[in-house]
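protein-v5.cif follows; it contains mmCIF, C-alpha atoms.
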```cif
data_final
loop_
_atom_site.group_PDB
_atom_site.id
_atom_site.type_symbol
_atom_site.label_atom_id
_atom_site.label_comp_id
_atom_site.auth_asym_id
_atom_site.auth_seq_id
_atom_site.Cartn_x
_atom_site.Cartn_y
_atom_site.Cartn_z
ATOM 1 C CA MET E 1 0.000 0.000 0.000
ATOM 2 C CA LYS E 2 1.317 3.383 -0.926
ATOM 3 C CA LEU E 3 1.138 6.121 1.698
ATOM 4 C CA ILE E 4 0.288 9.592 0.571
ATOM 5 C CA ILE E 5 2.155 12.244 2.522
ATOM 6 C CA ARG E 6 0.847 15.709 2.092
ATOM 7 C CA ARG E 7 3.663 18.151 2.585
ATOM 8 C CA GLN E 8 2.785 21.566 3.893
ATOM 9 C CA PRO E 9 5.091 24.322 2.721
ATOM 10 C CA ALA E 10 7.386 25.514 5.515
ATOM 11 C CA GLU E 11 6.849 29.158 6.496
ATOM 12 C CA VAL E 12 7.641 31.460 9.363
ATOM 13 C CA PRO E 13 4.487 32.990 10.822
ATOM 14 C CA THR E 14 4.959 36.761 10.464
ATOM 15 C CA ALA E 15 1.380 37.913 10.812
ATOM 16 C CA SER E 16 1.944 39.280 14.325
ATOM 17 C CA MET E 17 5.194 41.086 13.447
ATOM 18 C CA ALA E 18 3.351 44.236 12.368
ATOM 19 C CA ASP E 19 1.336 44.252 15.594
ATOM 20 C CA ILE E 20 4.522 44.001 17.674
ATOM 21 C CA ALA E 21 6.243 46.713 15.641
ATOM 22 C CA PHE E 22 3.317 49.121 15.891
ATOM 23 C CA LEU E 23 3.062 48.437 19.626
ATOM 24 C CA LEU E 24 6.743 49.378 19.947
ATOM 25 C CA ILE E 25 6.174 52.586 17.965
ATOM 26 C CA ILE E 26 3.235 53.556 20.177
ATOM 27 C CA PHE E 27 5.298 52.798 23.295
ATOM 28 C CA PHE E 28 8.189 54.993 22.102
ATOM 29 C CA MET E 29 5.832 57.798 21.097
ATOM 30 C CA LEU E 30 4.088 57.810 24.475
ATOM 31 C CA THR E 31 7.247 57.629 26.559
ATOM 32 C CA ALA E 32 9.240 60.168 24.517
ATOM 33 C CA VAL E 33 9.878 63.513 26.176
ATOM 34 C CA TYR E 34 10.350 66.246 23.641
ATOM 35 C CA SER E 35 13.012 68.704 24.640
ATOM 36 C CA SER E 36 13.678 72.014 22.998
ATOM 37 C CA THR E 37 17.071 72.437 21.352
ATOM 38 C CA ARG E 38 16.553 76.033 20.277
ATOM 39 C CA GLY E 39 16.696 79.330 22.052
ATOM 40 C CA LEU E 40 18.145 82.817 22.286
ATOM 41 C CA GLU E 41 21.914 83.080 22.120
ATOM 42 C CA PHE E 42 24.268 85.746 23.344
ATOM 43 C CA ALA E 43 27.926 86.139 24.186
ATOM 44 C CA PHE E 44 29.532 87.647 27.235
ATOM 45 C CA PRO E 45 32.139 90.274 26.558
ATOM 46 C CA LYS E 46 35.631 89.793 27.953
ATOM 47 C CA ASP E 47 35.499 90.198 31.697
ATOM 48 C CA ASP E 48 37.608 93.224 32.446
ATOM 49 C CA PRO E 49 36.340 95.031 35.557
ATOM 50 C CA THR E 50 38.398 98.116 34.769
ATOM 51 C CA GLN E 51 36.732 98.696 31.413
ATOM 52 C CA LEU E 52 33.140 99.183 30.377
ATOM 53 C CA ASN E 53 32.115 97.192 27.336
ATOM 54 C CA VAL E 54 28.883 99.114 27.022
ATOM 55 C CA GLN E 55 28.731 102.771 27.953
ATOM 56 C CA PRO E 56 25.526 102.925 30.027
ATOM 57 C CA GLN E 57 24.928 106.593 29.216
ATOM 58 C CA GLU E 58 24.898 106.015 25.444
ATOM 59 C CA ALA E 59 22.762 102.906 25.602
ATOM 60 C CA VAL E 60 19.030 102.328 25.631
ATOM 61 C CA HIS E 61 18.328 101.244 29.177
ATOM 62 C CA ILE E 62 15.434 98.811 29.628
ATOM 63 C CA LYS E 63 14.463 98.100 33.203
ATOM 64 C CA VAL E 64 12.189 95.079 33.621
ATOM 65 C CA THR E 65 10.141 95.928 36.696
ATOM 66 C CA GLY E 66 7.374 93.319 36.501
ATOM 67 C CA GLU E 67 5.567 90.725 34.388
ATOM 68 C CA ALA E 68 4.544 93.198 31.723
ATOM 69 C CA SER E 69 5.968 96.431 33.003
ATOM 70 C CA TYR E 70 9.054 98.016 31.602
ATOM 71 C CA VAL E 71 10.775 101.330 32.128
ATOM 72 C CA VAL E 72 12.671 102.332 29.015
ATOM 73 C CA ASP E 73 15.007 105.301 29.372
ATOM 74 C CA ARG E 74 12.976 106.295 32.470
ATOM 75 C CA VAL E 75 9.641 106.119 30.610
ATOM 76 C CA PRO E 76 7.142 103.353 31.557
ATOM 77 C CA MET E 77 6.139 101.357 28.469
ATOM 78 C CA THR E 78 4.250 98.267 27.366
ATOM 79 C CA LEU E 79 5.961 95.583 25.291
ATOM 80 C CA GLY E 80 4.337 96.969 22.102
ATOM 81 C CA GLN E 81 5.542 100.487 22.848
ATOM 82 C CA LEU E 82 8.991 99.125 23.637
ATOM 83 C CA GLN E 83 9.105 97.389 20.248
ATOM 84 C CA ALA E 84 8.207 100.606 18.422
ATOM 85 C CA TYR E 85 10.742 102.587 20.489
ATOM 86 C CA ILE E 86 13.569 100.125 19.750
ATOM 87 C CA GLN E 87 12.640 100.040 16.058
ATOM 88 C CA GLN E 88 12.922 103.826 15.894
ATOM 89 C CA LYS E 89 16.245 103.816 17.808
ATOM 90 C CA MET E 90 17.713 101.156 15.531
ATOM 91 C CA GLN E 91 16.754 103.130 12.431
ATOM 92 C CA GLN E 92 18.660 106.125 13.826
ATOM 93 C CA ALA E 93 21.679 104.192 15.105
ATOM 94 C CA PRO E 94 21.841 100.470 14.243
ATOM 95 C CA ASP E 95 24.849 99.887 16.538
ATOM 96 C CA LYS E 96 23.258 101.466 19.584
ATOM 97 C CA PRO E 97 23.779 99.255 22.641
ATOM 98 C CA VAL E 98 20.760 98.110 24.605
ATOM 99 C CA ILE E 99 20.962 97.116 28.258
ATOM 100 C CA ILE E 100 18.400 94.766 29.805
ATOM 101 C CA HIS E 101 18.291 95.313 33.531
ATOM 102 C CA SER E 102 15.853 92.970 35.278
ATOM 103 C CA LEU E 103 14.873 93.451 38.887
ATOM 104 C CA PRO E 104 15.611 90.394 41.088
ATOM 105 C CA ASP E 105 11.996 89.420 41.762
ATOM 106 C CA VAL E 106 10.585 89.555 38.225
ATOM 107 C CA PRO E 107 9.831 86.212 36.563
ATOM 108 C CA TYR E 108 12.437 85.017 34.062
ATOM 109 C CA PHE E 109 9.994 85.104 31.103
ATOM 110 C CA ALA E 110 9.636 88.897 31.443
ATOM 111 C CA MET E 111 13.325 89.270 30.592
ATOM 112 C CA ILE E 112 13.028 86.730 27.757
ATOM 113 C CA ASP E 113 10.093 88.737 26.287
ATOM 114 C CA VAL E 114 12.312 91.837 26.116
ATOM 115 C CA PHE E 115 15.307 89.925 24.753
ATOM 116 C CA ASP E 116 13.050 88.388 22.090
ATOM 117 C CA VAL E 117 11.832 91.846 21.009
ATOM 118 C CA LEU E 118 15.452 92.985 20.680
ATOM 119 C CA ARG E 119 16.342 89.928 18.602
ATOM 120 C CA GLN E 120 13.302 90.546 16.382
ATOM 121 C CA GLN E 121 14.478 94.128 15.863
ATOM 122 C CA LYS E 122 17.962 92.788 14.974
ATOM 123 C CA VAL E 123 19.666 94.656 17.792
ATOM 124 C CA LYS E 124 23.347 93.682 17.551
ATOM 125 C CA ASN E 125 24.646 95.025 20.807
ATOM 126 C CA VAL E 126 22.602 93.569 23.675
ATOM 127 C CA SER E 127 23.984 93.617 27.180
ATOM 128 C CA ILE E 128 22.477 91.636 30.055
ATOM 129 C CA PRO E 129 24.450 92.847 33.066
ATOM 130 C CA THR E 130 24.488 90.707 36.166
ATOM 131 C CA GLN E 131 23.722 92.215 39.573
ATOM 132 C CA THR E 132 27.477 92.440 40.268
ATOM 133 C CA GLU E 133 27.985 94.601 37.162
ATOM 134 C CA ILE E 134 24.992 96.769 37.999
ATOM 135 C CA GLU E 135 26.443 97.388 41.456
ATOM 136 C CA ARG E 136 29.749 98.276 39.796
ATOM 137 C CA TRP E 137 28.026 100.724 37.463
ATOM 138 C CA ARG E 138 26.210 102.258 40.428
ATOM 139 C CA THR E 139 29.530 102.721 42.235
ATOM 140 C CA TRP E 140 30.883 104.496 39.184
ATOM 141 C CA GLY E 141 27.808 106.680 39.039
ATOM 142 C CA TYR E 142 26.511 105.403 35.687
ATOM 143 C CA LEU E 143 23.252 104.165 37.165
ATOM 144 C CA GLU E 144 20.995 105.611 39.813
ATOM 145 C CA MET R 1 -22.806 21.039 -21.570
ATOM 146 C CA ARG R 2 -21.450 21.343 -18.102
ATOM 147 C CA LEU R 3 -20.115 24.760 -17.128
ATOM 148 C CA HIS R 4 -16.869 24.952 -15.183
ATOM 149 C CA ARG R 5 -17.207 26.880 -11.982
ATOM 150 C CA GLU R 6 -14.768 29.721 -11.712
ATOM 151 C CA LYS R 7 -12.217 29.158 -8.971
ATOM 152 C CA ARG R 8 -12.880 31.671 -6.234
ATOM 153 C CA VAL R 9 -9.880 33.551 -4.936
ATOM 154 C CA GLN R 10 -10.078 34.255 -1.234
ATOM 155 C CA ALA R 11 -10.258 37.987 -0.467
ATOM 156 C CA THR R 12 -7.306 39.028 1.702
ATOM 157 C CA VAL R 13 -5.680 42.288 2.621
ATOM 158 C CA PRO R 14 -1.962 42.052 1.858
ATOM 159 C CA THR R 15 -0.261 42.766 5.180
ATOM 160 C CA ALA R 16 3.132 41.228 4.551
ATOM 161 C CA SER R 17 4.836 44.609 4.142
ATOM 162 C CA MET R 18 3.244 46.148 7.248
ATOM 163 C CA ALA R 19 6.000 44.837 9.506
ATOM 164 C CA ASP R 20 8.671 46.241 7.174
ATOM 165 C CA ILE R 21 7.036 49.664 7.243
ATOM 166 C CA ALA R 22 6.661 49.590 11.022
ATOM 167 C CA PHE R 23 10.270 48.539 11.628
ATOM 168 C CA LEU R 24 11.457 51.203 9.202
ATOM 169 C CA LEU R 25 9.551 53.767 11.270
ATOM 170 C CA ILE R 26 11.104 52.437 14.491
ATOM 171 C CA ILE R 27 14.609 52.652 13.001
ATOM 172 C CA PHE R 28 13.888 56.207 11.777
ATOM 173 C CA PHE R 29 12.723 57.324 15.260
ATOM 174 C CA MET R 30 15.698 55.623 16.923
ATOM 175 C CA LEU R 31 18.199 57.328 14.627
ATOM 176 C CA THR R 32 16.662 60.794 14.803
ATOM 177 C CA THR R 33 16.124 60.790 18.569
ATOM 178 C CA SER R 34 18.692 62.742 20.534
ATOM 179 C CA PHE R 35 19.050 61.934 24.190
ATOM 180 C CA SER R 36 19.254 64.838 26.577
ATOM 181 C CA PRO R 37 21.486 64.287 29.619
ATOM 182 C CA VAL R 38 19.294 66.567 31.733
ATOM 183 C CA LYS R 39 15.820 65.117 32.156
ATOM 184 C CA THR R 40 14.627 67.921 34.443
ATOM 185 C CA SER R 41 11.178 68.963 33.330
ATOM 186 C CA VAL R 42 10.702 72.719 33.086
ATOM 187 C CA ASP R 43 8.089 74.981 31.525
ATOM 188 C CA LEU R 44 10.243 77.062 29.183
ATOM 189 C CA PRO R 45 9.529 80.693 28.287
ATOM 190 C CA ALA R 46 8.524 81.342 24.671
ATOM 191 C CA SER R 47 10.192 83.464 22.011
ATOM 192 C CA VAL R 48 9.663 84.208 18.323
ATOM 193 C CA GLU R 49 13.372 84.282 17.480
ATOM 194 C CA ARG R 50 15.166 81.007 18.146
ATOM 195 C CA ALA R 51 18.516 79.617 17.118
ATOM 196 C CA GLU R 52 19.713 76.029 17.331
ATOM 197 C CA VAL R 53 21.957 75.505 20.351
ATOM 198 C CA GLU R 54 25.139 73.486 19.979
ATOM 199 C CA GLN R 55 25.050 69.735 20.398
ATOM 200 C CA ASN R 56 26.813 68.604 23.577
ATOM 201 C CA ALA R 57 26.506 72.060 25.101
ATOM 202 C CA ALA R 58 26.677 72.147 28.891
ATOM 203 C CA ILE R 59 23.227 72.533 30.421
ATOM 204 C CA VAL R 60 22.193 74.416 33.531
ATOM 205 C CA ALA R 61 18.578 73.575 34.328
ATOM 206 C CA ILE R 62 16.683 75.735 36.821
ATOM 207 C CA THR R 63 13.301 74.505 38.014
ATOM 208 C CA ALA R 64 10.388 76.640 39.198
ATOM 209 C CA GLN R 65 11.462 75.778 42.774
ATOM 210 C CA SER R 66 14.921 77.248 42.015
ATOM 211 C CA GLU R 67 16.628 73.851 42.044
ATOM 212 C CA ILE R 68 19.729 73.804 39.865
ATOM 213 C CA VAL R 69 20.864 70.797 37.824
ATOM 214 C CA PHE R 70 24.116 70.872 35.858
ATOM 215 C CA SER R 71 25.412 68.622 33.108
ATOM 216 C CA ASP R 72 28.558 69.013 31.001
ATOM 217 C CA GLY R 73 26.546 67.826 28.005
ATOM 218 C CA GLU R 74 27.594 64.190 28.197
ATOM 219 C CA SER R 75 27.251 62.932 31.752
ATOM 220 C CA PRO R 76 23.847 62.924 33.501
ATOM 221 C CA GLY R 77 22.691 65.984 35.403
ATOM 222 C CA GLU R 78 23.946 66.665 38.914
ATOM 223 C CA ASN R 79 22.055 68.667 41.546
ATOM 224 C CA MET R 80 23.727 71.819 42.794
ATOM 225 C CA ALA R 81 22.981 73.289 46.215
ATOM 226 C CA SER R 82 23.590 76.860 45.021
ATOM 227 C CA PRO R 83 24.701 78.668 41.834
ATOM 228 C CA GLU R 84 28.125 79.208 43.421
ATOM 229 C CA ASP R 85 28.696 75.424 43.348
ATOM 230 C CA LEU R 86 28.794 75.627 39.538
ATOM 231 C CA ALA R 87 32.164 77.442 39.562
ATOM 232 C CA PRO R 88 34.595 74.458 39.539
ATOM 233 C CA TYR R 89 32.571 72.674 36.832
ATOM 234 C CA ILE R 90 32.467 75.755 34.605
ATOM 235 C CA GLN R 91 36.184 76.410 35.090
ATOM 236 C CA ALA R 92 37.088 72.825 34.175
ATOM 237 C CA LEU R 93 34.934 72.916 31.037
ATOM 238 C CA VAL R 94 36.186 76.326 29.877
ATOM 239 C CA LYS R 95 39.773 75.185 30.445
ATOM 240 C CA SER R 96 39.347 72.168 28.153
ATOM 241 C CA ILE R 97 37.034 73.819 25.575
ATOM 242 C CA PRO R 98 37.319 77.646 25.719
ATOM 243 C CA ASN R 99 34.339 78.213 23.405
ATOM 244 C CA LYS R 100 32.057 75.704 25.103
ATOM 245 C CA GLN R 101 28.418 76.751 24.971
ATOM 246 C CA PHE R 102 26.454 76.864 28.215
ATOM 247 C CA VAL R 103 22.715 76.528 27.825
ATOM 248 C CA ILE R 104 20.324 77.775 30.477
ATOM 249 C CA LYS R 105 17.146 75.733 30.644
ATOM 250 C CA ALA R 106 15.169 77.728 33.184
ATOM 251 C CA ASP R 107 11.499 77.570 34.093
ATOM 252 C CA ARG R 108 9.554 80.596 32.875
ATOM 253 C CA VAL R 109 8.327 81.567 36.356
ATOM 254 C CA VAL R 110 11.620 81.282 38.233
ATOM 255 C CA LYS R 111 12.677 84.544 39.881
ATOM 256 C CA TYR R 112 15.245 86.386 37.809
ATOM 257 C CA HIS R 113 17.778 86.652 40.657
ATOM 258 C CA VAL R 114 18.372 82.879 40.451
ATOM 259 C CA VAL R 115 19.130 83.109 36.714
ATOM 260 C CA ASP R 116 21.223 86.203 37.423
ATOM 261 C CA ARG R 117 23.384 84.337 39.946
ATOM 262 C CA VAL R 118 23.911 81.521 37.424
ATOM 263 C CA LEU R 119 24.835 84.051 34.704
ATOM 264 C CA ASP R 120 27.188 85.734 37.158
ATOM 265 C CA GLN R 121 28.970 82.441 37.835
ATOM 266 C CA LEU R 122 29.233 81.717 34.120
ATOM 267 C CA ARG R 123 30.698 85.124 33.441
ATOM 268 C CA ARG R 124 33.123 85.087 36.380
ATOM 269 C CA ASN R 125 34.434 81.676 35.393
ATOM 270 C CA GLY R 126 35.145 82.493 31.785
ATOM 271 C CA ALA R 127 32.111 81.209 29.863
ATOM 272 C CA LYS R 128 31.474 83.301 26.751
ATOM 273 C CA ASN R 129 28.902 81.522 24.674
ATOM 274 C CA ILE R 130 25.458 81.392 26.311
ATOM 275 C CA GLY R 131 22.124 80.040 25.106
ATOM 276 C CA LEU R 132 18.743 80.528 26.750
ATOM 277 C CA LEU R 133 16.384 77.691 25.810
ATOM 278 C CA THR R 134 12.900 78.743 24.742
ATOM 279 C CA GLU R 135 9.738 77.320 23.246
ATOM 280 C CA GLN R 136 8.396 78.591 19.920
ATOM 281 C CA LYS R 137 6.060 81.574 20.170
ATOM 282 C CA ALA R 138 3.765 82.484 17.295
ATOM 283 C CA PRO R 139 4.972 85.692 15.614
ATOM 284 C CA PRO R 140 2.736 88.724 16.234
ATOM 285 C CA ARG R 141 0.189 89.490 13.516
ATOM 286 C CA SER R 142 1.027 92.695 11.716
#
```
Produce structure tokens that represent the structure in this file.
Amino acid sequence: MKLIIRRQPAEVPTASMADIAFLLIIFFMLTAVYSSTRGLEFAFPKDDPTQLNVQPQEAVHIKVTGEASYVVDRVPMTLGQLQAYIQQKMQQAPDKPVIIHSLPDVPYFAMIDVFDVLRQQKVKNVSIPTQTEIERWRTWGYLE
Amino acid sequence: MRLHREKRVQATVPTASMADIAFLLIIFFMLTTSFSPVKTSVDLPASVERAEVEQNAAIVAITAQSEIVFSDGESPGENMASPEDLAPYIQALVKSIPNKQFVIKADRVVKYHVVDRVLDQLRRNGAKNIGLLTEQKAPPRS
């Protein structure tokens, strides 16, 4: 008697591979934390305490006094007014230095808002003095 | 005459290439993902103007509670008790790479004096190239 052997073709079951792969994608997407890699850049001038890199009297002096309150060259302004003021100053003198002086208790974003306006207006010479420098300027009589 | 019945082909959705597509996507995500050494979660301030910060820049993270975490860009973040503790780390980095970029990743609501003390330390210890991380803000409508 002759036996009939039915041979089934050999194959690797791959039907669930797509499910596994998509599960992995969903897992990575849900657990990923997106971090920003962009921001505002600036450079510190050479630290020489005997010399002033920015002459405070010639510069536009922006004092950040609160969340949305700014005193620009002793005049209180809103962010919109500040933008227009800087635009006008830059048209007159594109190299004019601008000093951002933030009071210690203002939130950080208030300073960033001002810095962003200056970057938008393509201000080249931005100075962000630290409290130590401000004290130094006060000693020299450049600031009140 | 006897009619031959047409052989019916079973209706199937071809899914053989699905796995290939999915694995390609996984490989793409794995290659384009960059791992940040500082995992501190902060709510960044927003700005319209933004420039790409350098890869492997040193990171100083400041949380809303004024906690400071420092990383040289490669090793994981380390907690600092005060901004003054950053000095030896900054000095060592500036000594080996004079133009090393230092990126400040500060929470938007943190009081400015904390950021100011960090900036002061960076300046005193010879850092020149600073970046302030921000989120994208929609440009104002003119």
Proximity check chain E to chain R, 6 Å, nearest pairs one decimal Å, all atoms listed in the file, as JSON lines:
```
{"residue": "E:Met17", "atom": "CA", "partner": "R:Ala19", "partner_atom": "CA", "distance": 5.5}
{"residue": "E:Ala18", "atom": "CA", "partner": "R:Ala19", "partner_atom": "CA", "distance": 3.9}
{"residue": "E:Ala21", "atom": "CA", "partner": "R:Ala22", "partner_atom": "CA", "distance": 5.5}
{"residue": "E:Phe22", "atom": "CA", "partner": "R:Ala22", "partner_atom": "CA", "distance": 5.9}
{"residue": "E:Thr37", "atom": "CA", "partner": "R:Val53", "partner_atom": "CA", "distance": 5.9}
{"residue": "E:Arg38", "atom": "CA", "partner": "R:Glu52", "partner_atom": "CA", "distance": 4.3}
{"residue": "E:Gly39", "atom": "CA", "partner": "R:Leu133", "partner_atom": "CA", "distance": 4.1}
{"residue": "E:Leu40", "atom": "CA", "partner": "R:Leu132", "partner_atom": "CA", "distance": 5.1}
{"residue": "E:Glu41", "atom": "CA", "partner": "R:Gly131", "partner_atom": "CA", "distance": 4.3}
{"residue": "E:Phe42", "atom": "CA", "partner": "R:Ile130", "partner_atom": "CA", "distance": 5.4}
{"residue": "E:Ala43", "atom": "CA", "partner": "R:Asn129", "partner_atom": "CA", "distance": 4.7}
{"residue": "E:Phe44", "atom": "CA", "partner": "R:Lys128", "partner_atom": "CA", "distance": 4.8}
{"residue": "E:Pro104", "atom": "CA", "partner": "R:His113", "partner_atom": "CA", "distance": 4.3}
{"residue": "E:Asp105", "atom": "CA", "partner": "R:Lys111", "partner_atom": "CA", "distance": 5.3}
{"residue": "E:Val106", "atom": "CA", "partner": "R:Tyr112", "partner_atom": "CA", "distance": 5.7}
{"residue": "E:Pro107", "atom": "CA", "partner": "R:Lys111", "partner_atom": "CA", "distance": 4.7}
{"residue": "E:Tyr108", "atom": "CA", "partner": "R:Tyr112", "partner_atom": "CA", "distance": 4.9}
{"residue": "E:Phe109", "atom": "CA", "partner": "R:Arg108", "partner_atom": "CA", "distance": 4.9}
{"residue": "E:Asp116", "atom": "CA", "partner": "R:Ser47", "partner_atom": "CA", "distance": 5.7}
{"residue": "E:Thr130", "atom": "CA", "partner": "R:Asp116", "partner_atom": "CA", "distance": 5.7}
```
Selection from above, C-alpha atoms, as a compact mmCIF listing (two decimals), in the frame of the given file, can you write it?
```
# COMPACT_ATOMS: atom_id res chain seq x y z
CA MET E 17 5.19 41.09 13.45
CA ALA E 18 3.35 44.24 12.37
CA ALA E 21 6.24 46.71 15.64
CA PHE E 22 3.32 49.12 15.89
CA THR E 37 17.07 72.44 21.35
CA ARG E 38 16.55 76.03 20.28
CA GLY E 39 16.70 79.33 22.05
CA LEU E 40 18.14 82.82 22.29
CA GLU E 41 21.91 83.08 22.12
CA PHE E 42 24.27 85.75 23.34
CA ALA E 43 27.93 86.14 24.19
CA PHE E 44 29.53 87.65 27.24
CA PRO E 104 15.61 90.39 41.09
CA ASP E 105 12.00 89.42 41.76
CA VAL E 106 10.58 89.56 38.22
CA PRO E 107 9.83 86.21 36.56
CA TYR E 108 12.44 85.02 34.06
CA PHE E 109 9.99 85.10 31.10
CA ASP E 116 13.05 88.39 22.09
CA THR E 130 24.49 90.71 36.17
```
List every protein, DNA or RNA residue that has at least one atom no more than 8 Å from (14.8, 105.4, 29.8) in the file's coordinates, counting only C-alpha atoms, and write the result as a short mmCIF file (atom, residue, chain, number, x, y, z; two decimals) with C-alpha atoms, in the frame of the given file.
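Written out: out_13.cif:
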```
data_model
loop_
_atom_site.label_atom_id
_atom_site.label_comp_id
_atom_site.auth_asym_id
_atom_site.auth_seq_id
_atom_site.Cartn_x
_atom_site.Cartn_y
_atom_site.Cartn_z
CA VAL E 60 19.03 102.33 25.63
CA HIS E 61 18.33 101.24 29.18
CA ILE E 62 15.43 98.81 29.63
CA VAL E 71 10.78 101.33 32.13
CA VAL E 72 12.67 102.33 29.02
CA ASP E 73 15.01 105.30 29.37
CA ARG E 74 12.98 106.30 32.47
CA VAL E 75 9.64 106.12 30.61
#
```
Can you give me, as an MDAnalysis selection string, the residues this file yields under the PyMOL selection byres ((chain R and resi 85) around 12)?
chainID R and resid 60 68:70 78:84 86:91 117:118 121:122 125
Kindly list the centre and edge lengths in Å, rounded to one decimal, for the axis-aligned box that covers all listed atoms of range 15-23 of chain R plus 4 Å on each of its six sides, as JSON.
```
{"center_x": 5.0, "center_y": 45.4, "center_z": 7.9, "size_x": 18.5, "size_y": 16.4, "size_z": 15.5}
```
Which is closest to Pro37 in chain R among E:Phe115, E:Ser35, E:Tyr70, E:Pro76, if we use only C-alpha atoms?
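Nearest candidate to Pro37 in chain R out of E:Phe115, E:Ser35, E:Tyr70, E:Pro76: E:Ser35.
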On this file, the PyMOL selection byres ((chain E and resi 85) around 12) gives some set of residues; write that set as a PyMOL selection string.
chain E and resi 60-62+71-73+75-84+86-92+98+117-118+121
Please report the interatomic distance between CA of Ala61 in chain R and CA of Arg136 in chain E in Å with one decimal.
27.7 Å
So how far away is CA of Gly77 in chain R from CA of Ile26 in chain E, in Å?
27.7 Å
Mind rebuilding range 22-40 of chain R with N, CA and C atoms and writing that out as a PDB file, keeping the file's coordinate frame?
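Saved file rebuild.pdb follows:
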```
ATOM      1  N   ALA R  22       6.617  49.265   9.594  1.00  0.00           N
ATOM      2  CA  ALA R  22       6.661  49.590  11.022  1.00  0.00           C
ATOM      3  C   ALA R  22       8.096  49.586  11.539  1.00  0.00           C
ATOM      4  N   PHE R  23       8.880  48.590  11.155  1.00  0.00           N
ATOM      5  CA  PHE R  23      10.270  48.539  11.628  1.00  0.00           C
ATOM      6  C   PHE R  23      11.093  49.679  11.042  1.00  0.00           C
ATOM      7  N   LEU R  24      10.779  50.038   9.797  1.00  0.00           N
ATOM      8  CA  LEU R  24      11.457  51.203   9.202  1.00  0.00           C
ATOM      9  C   LEU R  24      11.187  52.452  10.026  1.00  0.00           C
ATOM     10  N   LEU R  25       9.920  52.610  10.437  1.00  0.00           N
ATOM     11  CA  LEU R  25       9.551  53.767  11.270  1.00  0.00           C
ATOM     12  C   LEU R  25      10.302  53.744  12.600  1.00  0.00           C
ATOM     13  N   ILE R  26      10.388  52.565  13.210  1.00  0.00           N
ATOM     14  CA  ILE R  26      11.104  52.437  14.491  1.00  0.00           C
ATOM     15  C   ILE R  26      12.565  52.845  14.313  1.00  0.00           C
ATOM     16  N   ILE R  27      13.193  52.324  13.247  1.00  0.00           N
ATOM     17  CA  ILE R  27      14.609  52.652  13.001  1.00  0.00           C
ATOM     18  C   ILE R  27      14.772  54.161  12.781  1.00  0.00           C
ATOM     19  N   PHE R  28      13.830  54.760  12.021  1.00  0.00           N
ATOM     20  CA  PHE R  28      13.888  56.207  11.777  1.00  0.00           C
ATOM     21  C   PHE R  28      13.830  56.977  13.100  1.00  0.00           C
ATOM     22  N   PHE R  29      12.857  56.624  13.963  1.00  0.00           N
ATOM     23  CA  PHE R  29      12.723  57.324  15.260  1.00  0.00           C
ATOM     24  C   PHE R  29      13.972  57.128  16.122  1.00  0.00           C
ATOM     25  N   MET R  30      14.511  55.903  16.095  1.00  0.00           N
ATOM     26  CA  MET R  30      15.698  55.623  16.923  1.00  0.00           C
ATOM     27  C   MET R  30      16.901  56.432  16.458  1.00  0.00           C
ATOM     28  N   LEU R  31      17.036  56.602  15.141  1.00  0.00           N
ATOM     29  CA  LEU R  31      18.199  57.328  14.627  1.00  0.00           C
ATOM     30  C   LEU R  31      18.068  58.834  14.803  1.00  0.00           C
ATOM     31  N   THR R  32      16.833  59.336  14.725  1.00  0.00           N
ATOM     32  CA  THR R  32      16.662  60.794  14.803  1.00  0.00           C
ATOM     33  C   THR R  32      16.467  61.292  16.232  1.00  0.00           C
ATOM     34  N   THR R  33      16.313  60.369  17.179  1.00  0.00           N
ATOM     35  CA  THR R  33      16.124  60.790  18.569  1.00  0.00           C
ATOM     36  C   THR R  33      17.467  61.208  19.165  1.00  0.00           C
ATOM     37  N   SER R  34      17.473  62.360  19.816  1.00  0.00           N
ATOM     38  CA  SER R  34      18.692  62.742  20.534  1.00  0.00           C
ATOM     39  C   SER R  34      18.379  62.674  22.027  1.00  0.00           C
ATOM     40  N   PHE R  35      19.278  62.114  22.759  1.00  0.00           N
ATOM     41  CA  PHE R  35      19.050  61.934  24.190  1.00  0.00           C
ATOM     42  C   PHE R  35      19.636  63.097  24.971  1.00  0.00           C
ATOM     43  N   SER R  36      18.801  63.702  25.778  1.00  0.00           N
ATOM     44  CA  SER R  36      19.254  64.838  26.577  1.00  0.00           C
ATOM     45  C   SER R  36      19.756  64.330  27.926  1.00  0.00           C
ATOM     46  N   PRO R  37      20.973  64.772  28.340  1.00  0.00           N
ATOM     47  CA  PRO R  37      21.486  64.287  29.619  1.00  0.00           C
ATOM     48  C   PRO R  37      20.720  64.832  30.820  1.00  0.00           C
ATOM     49  N   VAL R  38      20.056  65.980  30.624  1.00  0.00           N
ATOM     50  CA  VAL R  38      19.294  66.567  31.733  1.00  0.00           C
ATOM     51  C   VAL R  38      17.816  66.315  31.496  1.00  0.00           C
ATOM     52  N   LYS R  39      17.224  65.488  32.347  1.00  0.00           N
ATOM     53  CA  LYS R  39      15.820  65.117  32.156  1.00  0.00           C
ATOM     54  C   LYS R  39      14.877  66.017  32.953  1.00  0.00           C
ATOM     55  N   THR R  40      15.438  67.039  33.608  1.00  0.00           N
ATOM     56  CA  THR R  40      14.627  67.921  34.443  1.00  0.00           C
ATOM     57  C   THR R  40      13.531  68.560  33.610  1.00  0.00           C
TER      58      THR R  40
END
```
